[in-house]
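Participant: Input file: upload25.pdb. Contents: PDB, C-alpha atoms, pLDDT in the B column.
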ATOM      1  CA  MET A   1     136.218  48.329-115.684  1.00 64.00           C
ATOM      2  CA  GLU A   2     136.344  44.820-114.224  1.00 73.00           C
ATOM      3  CA  ARG A   3     139.714  43.177-113.650  1.00 83.00           C
ATOM      4  CA  LEU A   4     140.655  41.297-116.816  1.00 89.00           C
ATOM      5  CA  ARG A   5     141.629  37.642-116.723  1.00 89.00           C
ATOM      6  CA  ARG A   6     145.131  36.596-117.772  1.00 87.00           C
ATOM      7  CA  LEU A   7     143.920  34.935-120.986  1.00 91.00           C
ATOM      8  CA  VAL A   8     142.209  38.168-122.034  1.00 93.00           C
ATOM      9  CA  LEU A   9     145.378  40.149-121.306  1.00 92.00           C
ATOM     10  CA  GLU A  10     147.432  37.724-123.385  1.00 92.00           C
ATOM     11  CA  ARG A  11     145.014  38.002-126.315  1.00 95.00           C
ATOM     12  CA  LEU A  12     145.031  41.804-126.092  1.00 94.00           C
ATOM     13  CA  MET A  13     148.815  41.691-126.310  1.00 93.00           C
ATOM     14  CA  ARG A  14     148.576  39.491-129.416  1.00 94.00           C
ATOM     15  CA  TYR A  15     146.146  41.956-131.046  1.00 95.00           C
ATOM     16  CA  TYR A  16     148.420  44.857-130.177  1.00 94.00           C
ATOM     17  CA  ARG A  17     151.525  43.231-131.625  1.00 92.00           C
ATOM     18  CA  PHE A  18     149.699  42.142-134.776  1.00 94.00           C
ATOM     19  CA  LEU A  19     148.249  45.589-135.439  1.00 94.00           C
ATOM     20  CA  SER A  20     151.478  47.409-134.579  1.00 90.00           C
ATOM     21  CA  GLU A  21     153.575  45.202-136.851  1.00 90.00           C
ATOM     22  CA  SER A  22     150.989  45.186-139.659  1.00 88.00           C
ATOM     23  CA  THR A  23     150.593  48.964-139.760  1.00 87.00           C
ATOM     24  CA  ALA A  24     154.367  49.398-139.651  1.00 84.00           C
ATOM     25  CA  ARG A  25     154.570  47.431-142.904  1.00 87.00           C
ATOM     26  CA  LYS A  26     151.443  48.866-144.533  1.00 85.00           C
ATOM     27  CA  PRO A  27     149.512  51.684-142.815  1.00 86.00           C
ATOM     28  CA  VAL A  28     145.767  51.043-142.574  1.00 87.00           C
ATOM     29  CA  GLN A  29     143.054  52.978-140.752  1.00 91.00           C
ATOM     30  CA  THR A  30     140.591  50.230-139.923  1.00 93.00           C
ATOM     31  CA  VAL A  31     140.548  46.484-139.317  1.00 94.00           C
ATOM     32  CA  THR A  32     137.729  43.972-138.901  1.00 94.00           C
ATOM     33  CA  SER A  33     137.518  41.225-136.309  1.00 94.00           C
ATOM     34  CA  ALA A  34     137.452  38.741-139.222  1.00 94.00           C
ATOM     35  CA  GLN A  35     140.817  40.013-140.485  1.00 94.00           C
ATOM     36  CA  ILE A  36     142.376  39.716-137.043  1.00 95.00           C
ATOM     37  CA  ALA A  37     140.796  36.296-136.572  1.00 95.00           C
ATOM     38  CA  GLU A  38     142.265  34.992-139.820  1.00 95.00           C
ATOM     39  CA  ALA A  39     145.757  36.225-138.935  1.00 94.00           C
ATOM     40  CA  LEU A  40     145.792  35.006-135.329  1.00 95.00           C
ATOM     41  CA  ASP A  41     143.476  31.975-135.507  1.00 95.00           C
ATOM     42  CA  ILE A  42     141.106  33.376-132.874  1.00 95.00           C
ATOM     43  CA  ASP A  43     137.323  33.319-133.116  1.00 96.00           C
ATOM     44  CA  PRO A  44     136.085  36.751-134.319  1.00 94.00           C
ATOM     45  CA  THR A  45     133.307  36.701-131.710  1.00 95.00           C
ATOM     46  CA  GLN A  46     135.967  36.355-129.005  1.00 96.00           C
ATOM     47  CA  ILE A  47     137.869  39.288-130.469  1.00 96.00           C
ATOM     48  CA  ARG A  48     134.779  41.501-130.353  1.00 95.00           C
ATOM     49  CA  LYS A  49     134.149  40.423-126.738  1.00 95.00           C
ATOM     50  CA  ASP A  50     137.737  41.257-125.774  1.00 96.00           C
ATOM     51  CA  PHE A  51     137.495  44.668-127.417  1.00 96.00           C
ATOM     52  CA  GLY A  52     134.140  45.291-125.752  1.00 94.00           C
ATOM     53  CA  ALA A  53     135.711  44.500-122.373  1.00 94.00           C
ATOM     54  CA  ILE A  54     138.031  47.511-122.795  1.00 94.00           C
ATOM     55  CA  GLY A  55     135.329  49.801-124.165  1.00 93.00           C
ATOM     56  CA  LEU A  56     135.915  49.415-127.912  1.00 93.00           C
ATOM     57  CA  LEU A  57     132.961  49.253-130.286  1.00 88.00           C
ATOM     58  CA  GLY A  58     133.202  48.462-133.982  1.00 83.00           C
ATOM     59  CA  MET A  59     131.775  50.639-136.750  1.00 83.00           C
ATOM     60  CA  GLY A  60     129.291  48.500-138.670  1.00 76.00           C
ATOM     61  CA  ARG A  61     130.966  46.848-141.647  1.00 78.00           C
ATOM     62  CA  VAL A  62     133.994  49.105-141.347  1.00 83.00           C
ATOM     63  CA  GLY A  63     135.413  47.413-138.251  1.00 91.00           C
ATOM     64  CA  PHE A  64     137.664  49.034-135.667  1.00 94.00           C
ATOM     65  CA  ASP A  65     139.888  52.077-135.888  1.00 93.00           C
ATOM     66  CA  VAL A  66     143.435  50.676-135.659  1.00 94.00           C
ATOM     67  CA  CYS A  67     144.899  53.677-133.819  1.00 93.00           C
ATOM     68  CA  GLU A  68     142.041  53.623-131.323  1.00 94.00           C
ATOM     69  CA  VAL A  69     142.536  49.903-130.661  1.00 95.00           C
ATOM     70  CA  CYS A  70     146.290  50.282-130.115  1.00 93.00           C
ATOM     71  CA  ARG A  71     145.774  53.304-127.874  1.00 94.00           C
ATOM     72  CA  ALA A  72     143.125  51.532-125.778  1.00 94.00           C
ATOM     73  CA  VAL A  73     145.285  48.428-125.336  1.00 93.00           C
ATOM     74  CA  ARG A  74     148.298  50.528-124.350  1.00 92.00           C
ATOM     75  CA  VAL A  75     146.247  52.329-121.694  1.00 92.00           C
ATOM     76  CA  VAL A  76     144.646  49.154-120.309  1.00 91.00           C
ATOM     77  CA  LEU A  77     147.946  47.264-120.130  1.00 89.00           C
ATOM     78  CA  GLY A  78     149.799  50.277-118.752  1.00 87.00           C
ATOM     79  CA  PHE A  79     152.196  50.723-121.667  1.00 87.00           C
ATOM     80  CA  ASP A  80     151.481  54.463-121.662  1.00 84.00           C
ATOM     81  CA  GLU A  81     153.142  54.745-118.245  1.00 86.00           C
ATOM     82  CA  SER A  82     156.814  54.375-117.353  1.00 89.00           C
ATOM     83  CA  TYR A  83     157.919  52.110-114.534  1.00 91.00           C
ATOM     84  CA  GLU A  84     161.232  50.892-113.186  1.00 95.00           C
ATOM     85  CA  GLY A  85     162.353  47.337-112.560  1.00 97.00           C
ATOM     86  CA  VAL A  86     165.435  45.544-111.271  1.00 98.00           C
ATOM     87  CA  LEU A  87     167.061  42.351-112.495  1.00 98.00           C
ATOM     88  CA  ILE A  88     168.415  39.773-110.060  1.00 98.00           C
ATOM     89  CA  GLY A  89     171.039  37.409-111.498  1.00 97.00           C
ATOM     90  CA  THR A  90     173.330  38.504-114.336  1.00 96.00           C
ATOM     91  CA  GLY A  91     174.294  35.181-115.897  1.00 93.00           C
ATOM     92  CA  ASN A  92     173.688  34.383-119.560  1.00 93.00           C
ATOM     93  CA  LEU A  93     169.911  34.792-119.388  1.00 94.00           C
ATOM     94  CA  GLY A  94     170.065  37.852-117.162  1.00 95.00           C
ATOM     95  CA  GLY A  95     172.605  39.469-119.457  1.00 95.00           C
ATOM     96  CA  ALA A  96     170.418  38.804-122.487  1.00 95.00           C
ATOM     97  CA  LEU A  97     167.428  40.415-120.780  1.00 95.00           C
ATOM     98  CA  LEU A  98     169.499  43.456-119.835  1.00 95.00           C
ATOM     99  CA  ALA A  99     170.625  43.817-123.442  1.00 94.00           C
ATOM    100  CA  TYR A 100     167.082  43.634-124.822  1.00 93.00           C
ATOM    101  CA  SER A 101     166.024  47.119-125.907  1.00 89.00           C
ATOM    102  CA  GLY A 102     162.373  46.301-126.570  1.00 89.00           C
ATOM    103  CA  PHE A 103     161.198  46.619-122.947  1.00 91.00           C
ATOM    104  CA  ALA A 104     161.059  50.417-123.230  1.00 89.00           C
ATOM    105  CA  ARG A 105     158.241  50.160-125.784  1.00 85.00           C
ATOM    106  CA  TYR A 106     156.102  48.693-123.010  1.00 87.00           C
ATOM    107  CA  GLY A 107     157.091  51.224-120.357  1.00 89.00           C
ATOM    108  CA  LEU A 108     159.670  49.063-118.556  1.00 93.00           C
ATOM    109  CA  HIS A 109     163.100  50.433-117.688  1.00 94.00           C
ATOM    110  CA  ILE A 110     165.551  48.142-115.905  1.00 96.00           C
ATOM    111  CA  VAL A 111     167.436  50.555-113.672  1.00 96.00           C
ATOM    112  CA  ALA A 112     169.694  48.167-111.720  1.00 97.00           C
ATOM    113  CA  ALA A 113     171.079  44.625-111.751  1.00 98.00           C
ATOM    114  CA  PHE A 114     172.235  42.570-108.772  1.00 98.00           C
ATOM    115  CA  ASP A 115     174.362  39.454-108.363  1.00 97.00           C
ATOM    116  CA  SER A 116     176.125  37.489-105.620  1.00 95.00           C
ATOM    117  CA  ASN A 117     179.077  36.516-107.825  1.00 95.00           C
ATOM    118  CA  GLN A 118     182.024  38.652-106.722  1.00 94.00           C
ATOM    119  CA  ARG A 119     183.553  38.492-110.192  1.00 93.00           C
ATOM    120  CA  ARG A 120     180.485  40.162-111.682  1.00 95.00           C
ATOM    121  CA  ILE A 121     179.949  42.864-109.069  1.00 96.00           C
ATOM    122  CA  GLY A 122     181.208  46.193-110.369  1.00 96.00           C
ATOM    123  CA  ALA A 123     181.353  44.949-113.951  1.00 95.00           C
ATOM    124  CA  LYS A 124     179.092  46.308-116.662  1.00 94.00           C
ATOM    125  CA  VAL A 125     176.532  44.078-118.388  1.00 93.00           C
ATOM    126  CA  ALA A 126     174.814  45.691-121.368  1.00 92.00           C
ATOM    127  CA  GLY A 127     175.842  49.077-119.979  1.00 92.00           C
ATOM    128  CA  CYS A 128     174.439  48.382-116.507  1.00 94.00           C
ATOM    129  CA  THR A 129     176.817  48.201-113.527  1.00 95.00           C
ATOM    130  CA  VAL A 130     176.193  45.033-111.499  1.00 97.00           C
ATOM    131  CA  ARG A 131     175.591  45.676-107.801  1.00 97.00           C
ATOM    132  CA  SER A 132     176.024  43.483-104.750  1.00 97.00           C
ATOM    133  CA  MET A 133     173.011  41.608-103.366  1.00 96.00           C
ATOM    134  CA  ARG A 134     173.557  43.492-100.106  1.00 96.00           C
ATOM    135  CA  ALA A 135     172.519  46.670-101.885  1.00 97.00           C
ATOM    136  CA  MET A 136     169.372  45.140-103.381  1.00 97.00           C
ATOM    137  CA  LYS A 137     166.838  45.685-100.605  1.00 97.00           C
ATOM    138  CA  PRO A 138     167.828  49.295 -99.782  1.00 97.00           C
ATOM    139  CA  PHE A 139     167.853  50.186-103.486  1.00 98.00           C
ATOM    140  CA  VAL A 140     164.413  48.661-104.102  1.00 98.00           C
ATOM    141  CA  ARG A 141     162.946  50.367-101.052  1.00 97.00           C
ATOM    142  CA  ASN A 142     164.494  53.790-101.743  1.00 97.00           C
ATOM    143  CA  ARG A 143     163.518  53.816-105.427  1.00 96.00           C
ATOM    144  CA  ARG A 144     160.100  52.309-104.684  1.00 96.00           C
ATOM    145  CA  ILE A 145     160.657  49.585-107.277  1.00 97.00           C
ATOM    146  CA  ARG A 146     157.551  47.474-107.904  1.00 96.00           C
ATOM    147  CA  LEU A 147     158.919  44.910-110.395  1.00 96.00           C
ATOM    148  CA  ALA A 148     161.800  42.461-110.070  1.00 97.00           C
ATOM    149  CA  ILE A 149     163.029  40.064-112.764  1.00 97.00           C
ATOM    150  CA  LEU A 150     164.474  36.870-111.296  1.00 97.00           C
ATOM    151  CA  THR A 151     167.064  34.758-113.174  1.00 96.00           C
ATOM    152  CA  THR A 152     168.840  33.228-110.184  1.00 96.00           C
ATOM    153  CA  PRO A 153     169.535  29.584-109.239  1.00 94.00           C
ATOM    154  CA  PRO A 154     166.297  27.984-107.955  1.00 93.00           C
ATOM    155  CA  GLU A 155     167.700  27.178-104.511  1.00 96.00           C
ATOM    156  CA  VAL A 156     168.010  30.883-103.624  1.00 96.00           C
ATOM    157  CA  SER A 157     164.984  32.203-105.496  1.00 97.00           C
ATOM    158  CA  GLN A 158     162.456  32.001-102.664  1.00 97.00           C
ATOM    159  CA  LYS A 159     164.769  33.711-100.183  1.00 97.00           C
ATOM    160  CA  LEU A 160     165.394  36.537-102.633  1.00 97.00           C
ATOM    161  CA  THR A 161     161.680  36.788-103.378  1.00 98.00           C
ATOM    162  CA  ASP A 162     160.954  37.208 -99.658  1.00 97.00           C
ATOM    163  CA  ARG A 163     163.492  40.020 -99.452  1.00 97.00           C
ATOM    164  CA  LEU A 164     162.106  41.731-102.547  1.00 98.00           C
ATOM    165  CA  VAL A 165     158.523  41.541-101.312  1.00 98.00           C
ATOM    166  CA  SER A 166     159.501  42.914 -97.897  1.00 97.00           C
ATOM    167  CA  ALA A 167     161.150  45.831 -99.716  1.00 97.00           C
ATOM    168  CA  GLY A 168     157.924  46.649-101.561  1.00 97.00           C
ATOM    169  CA  VAL A 169     158.023  44.714-104.839  1.00 97.00           C
ATOM    170  CA  LYS A 170     154.529  43.915-106.144  1.00 96.00           C
ATOM    171  CA  ALA A 171     155.387  41.772-109.179  1.00 96.00           C
ATOM    172  CA  ILE A 172     158.012  39.078-109.802  1.00 97.00           C
ATOM    173  CA  TRP A 173     158.880  38.044-113.355  1.00 96.00           C
ATOM    174  CA  ASN A 174     160.236  34.593-112.594  1.00 96.00           C
ATOM    175  CA  PHE A 175     162.615  32.990-115.103  1.00 95.00           C
ATOM    176  CA  THR A 176     163.722  30.315-112.628  1.00 94.00           C
ATOM    177  CA  PRO A 177     162.194  26.823-112.299  1.00 91.00           C
ATOM    178  CA  ALA A 178     161.427  27.506-108.628  1.00 93.00           C
ATOM    179  CA  ARG A 179     157.823  27.595-107.446  1.00 94.00           C
ATOM    180  CA  LEU A 180     157.600  30.871-105.570  1.00 97.00           C
ATOM    181  CA  THR A 181     155.294  31.621-102.649  1.00 97.00           C
ATOM    182  CA  VAL A 182     154.164  35.222-102.238  1.00 97.00           C
ATOM    183  CA  PRO A 183     151.477  36.990-100.187  1.00 96.00           C
ATOM    184  CA  SER A 184     148.201  38.108-101.731  1.00 94.00           C
ATOM    185  CA  GLY A 185     148.576  41.291-103.703  1.00 93.00           C
ATOM    186  CA  VAL A 186     151.900  40.211-105.222  1.00 96.00           C
ATOM    187  CA  LEU A 187     151.925  38.782-108.752  1.00 94.00           C
ATOM    188  CA  VAL A 188     154.314  36.078-109.946  1.00 95.00           C
ATOM    189  CA  ARG A 189     154.611  35.598-113.691  1.00 93.00           C
ATOM    190  CA  ASN A 190     156.441  32.343-114.416  1.00 92.00           C
ATOM    191  CA  GLU A 191     158.333  31.939-117.674  1.00 89.00           C
ATOM    192  CA  ARG A 192     158.927  28.228-118.088  1.00 77.00           C
ATOM    193  CA  ILE A 193     161.527  27.795-120.828  1.00 75.00           C
ATOM    194  CA  SER A 194     161.386  24.009-120.362  1.00 73.00           C
ATOM    195  CA  VAL A 195     157.636  24.010-121.101  1.00 71.00           C
ATOM    196  CA  GLY A 196     158.182  25.811-124.386  1.00 75.00           C
ATOM    197  CA  LEU A 197     161.030  23.466-125.255  1.00 75.00           C
ATOM    198  CA  SER A 198     158.887  20.409-124.500  1.00 75.00           C
ATOM    199  CA  GLU A 199     156.215  21.672-126.897  1.00 76.00           C
ATOM    200  CA  ILE A 200     158.813  22.187-129.624  1.00 81.00           C
ATOM    201  CA  ALA A 201     160.381  18.772-129.016  1.00 79.00           C
ATOM    202  CA  TYR A 202     156.982  17.068-129.160  1.00 73.00           C
ATOM    203  CA  HIS A 203     156.119  18.826-132.417  1.00 76.00           C
ATOM    204  CA  LEU A 204     159.414  17.813-134.020  1.00 79.00           C
ATOM    205  CA  LYS A 205     158.972  14.227-132.867  1.00 75.00           C
ATOM    206  CA  GLN A 206     155.656  13.988-134.687  1.00 70.00           C
TER     207      GLN A 206
END
In structure tokens, what does this structure look like?

Facilitator:
Amino acid sequence: MERLRRLVLERLMRYYRFLSESTARKPVQTVTSAQIAEALDIDPTQIRKDFGAIGLLGMGRVGFDVCEVCRAVRVVLGFDESYEGVLIGTGNLGGALLAYSGFARYGLHIVAAFDSNQRRIGAKVAGCTVRSMRAMKPFVRNRRIRLAILTTPPEVSQKLTDRLVSAGVKAIWNFTPARLTVPSGVLVRNERISVGLSEIAYHLKQ
């Protein structure tokens, strides 16, 4: 299978959430691309192309088997596997992410949290004991951690990213406004809260 583009991955996630939530409310066996298109405002032809890209074929007028679609998406996105991650920065946002229980549904388990604030080190945040930054690199290397979630001040984010990458991290989930530089083979996923807020503010202004 060819490497999927980010937009395709994001649409697959939308299909998965829609089908999972819909069947939880009212179990159904099949769904058509037209039904998904109406709910998500996506062209049905695009939906069929996305499903075809992960090996799913519809059944004439019946549509797609819901369980088969969810299973295929889980496998493609890696939700069927379990992987460990660490969180760097345990302020308000970091604490909220640690407390979020939904990550496990997608295979992610945050196994450690790190901070440079002496008042936080040793304390528990959402049941996780905060560790010193000095312990970060050895922990990541010894546990072979591939994912790090970054919620630190922007002025230290690049330095921490360099340390994480040198320890073996292959993906950074970046919640800071910093523009991170990483070598090829390392993914940075930026979550820009300010961008989302600007869209909301613009909508309300209209």

Participant: With the PyMOL selection byres ((chain A and resi 76) around 12) as the selection, what would be picked from this file? Answer as a ChimeraX atom specification, please.

Facilitator: /A:1-4,8-9,12-13,16,50-51,53-56,69-75,77-81,106

Participant: Tell me which residues the PyMOL selection byres ((chain A and resi 64-66) around 10) grabs here, as an MDAnalysis selection string.

Facilitator: chainID A and resid 16 19:20 23 27:33 48 51 56:63 67:72

Participant: Hey, can you check how far atom CA of Phe114 of chain A sits from atom CA of Gly168 of chain A?

Facilitator: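 One can read the atom CA of Phe114 of chain A to atom CA of Gly168 of chain A distance as 16.5 Å.
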
Participant: Would you place a box with edges along x, y and z of the file around all atoms of segment 1-6 of chain A listed there, add 5 Å to each of its six sides, and report the centre and edge lengths in Å to one decimal, as lines of an AutoDock Vina configuration file?

Facilitator:
center_x = 140.7
center_y = 42.5
center_z = -115.7
size_x = 18.9
size_y = 21.7
size_z = 14.1

Participant: Residues at most 7 Å from Gly89 of chain A, counting all atoms listed in the file, excluding those fewer than 2 positions away in the same chain, as a ChimeraX atom specification?

Facilitator: /A:87,91,94,114-115,150-152

Participant: Can you give me, as a ChimeraX atom specification, the residues this file yields under the PyMOL selection byres ((chain A and resi 149) around 7)?

Facilitator: /A:86-88,147-148,150-151,172-174

Participant: Mind dumping the selected residues with C-alpha atoms as a PDB file, in the frame of the given file?

Facilitator:
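That gives us out_8.pdb:
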ATOM      1  CA  VAL A  86     165.435  45.544-111.271  1.00 98.00           C
ATOM      2  CA  LEU A  87     167.061  42.351-112.495  1.00 98.00           C
ATOM      3  CA  ILE A  88     168.415  39.773-110.060  1.00 98.00           C
ATOM      4  CA  LEU A 147     158.919  44.910-110.395  1.00 96.00           C
ATOM      5  CA  ALA A 148     161.800  42.461-110.070  1.00 97.00           C
ATOM      6  CA  LEU A 150     164.474  36.870-111.296  1.00 97.00           C
ATOM      7  CA  THR A 151     167.064  34.758-113.174  1.00 96.00           C
ATOM      8  CA  ILE A 172     158.012  39.078-109.802  1.00 97.00           C
ATOM      9  CA  TRP A 173     158.880  38.044-113.355  1.00 96.00           C
ATOM     10  CA  ASN A 174     160.236  34.593-112.594  1.00 96.00           C
TER      11      ASN A 174
END

Participant: Nearest to Thr129 of chain A: which of A:Leu93, A:Leu160, A:Ala113, A:Val186 is it, counting all atoms listed in the file?

Facilitator: A:Ala113

Participant: Give me, please, the distance in Å between atom CA of Cys128 of chain A and atom CA of Thr181 of chain A, quoted to one decimal.

Facilitator: 29.0 Å

Participant: May I have the residues within 10 Å of Arg141 of chain A as an MDAnalysis selection string, using all atoms listed in the file and disregarding those fewer than 6 positions away in the same chain?

Facilitator: chainID A and resid 164:169

Participant: What's the separation between atom CA of Ser116 of chain A and atom CA of Arg134 of chain A, in Å to one decimal place?

Facilitator: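 These two atoms are separated by 8.5 Å.
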
Participant: Using all atoms listed in the file, which residue out of A:Ser101, A:Thr90, A:Gln35, A:Thr45 lies closest to Met133 of chain A?

Facilitator: A:Thr90

Participant: Measuring between all atoms listed in the file, which one of A:Leu7, A:Ile36, A:Val111, A:Ala126 shows the shortest distance to Gly85 of chain A?

Facilitator: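 For Gly85 of chain A, the nearest of the candidates is A:Val111.
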
Participant: For a quick check of understanding, using only C-alpha atoms, which of A:Ala99, A:Ala178, A:Val130, A:Leu108 has the smallest distance to Arg192 of chain A?

Facilitator: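 Nearest to Arg192 of chain A: A:Ala178.
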
Participant: Which neighbours of segment 40-43 of chain A fall inside 9 Å, counting all atoms listed in the file, when residues of the same chain fewer than 6 positions from it are skipped, and could you give them as a PyMOL selection string?

Facilitator: chain A and resi 11+14-15+18+33-34

Participant: Quick one: everything within 9 Å of Arg143 of chain A, counting only C-alpha atoms, minus sequence neighbours fewer than 4 positions away in the same chain. Send it as a PyMOL selection string.

Facilitator: chain A and resi 84+138-139
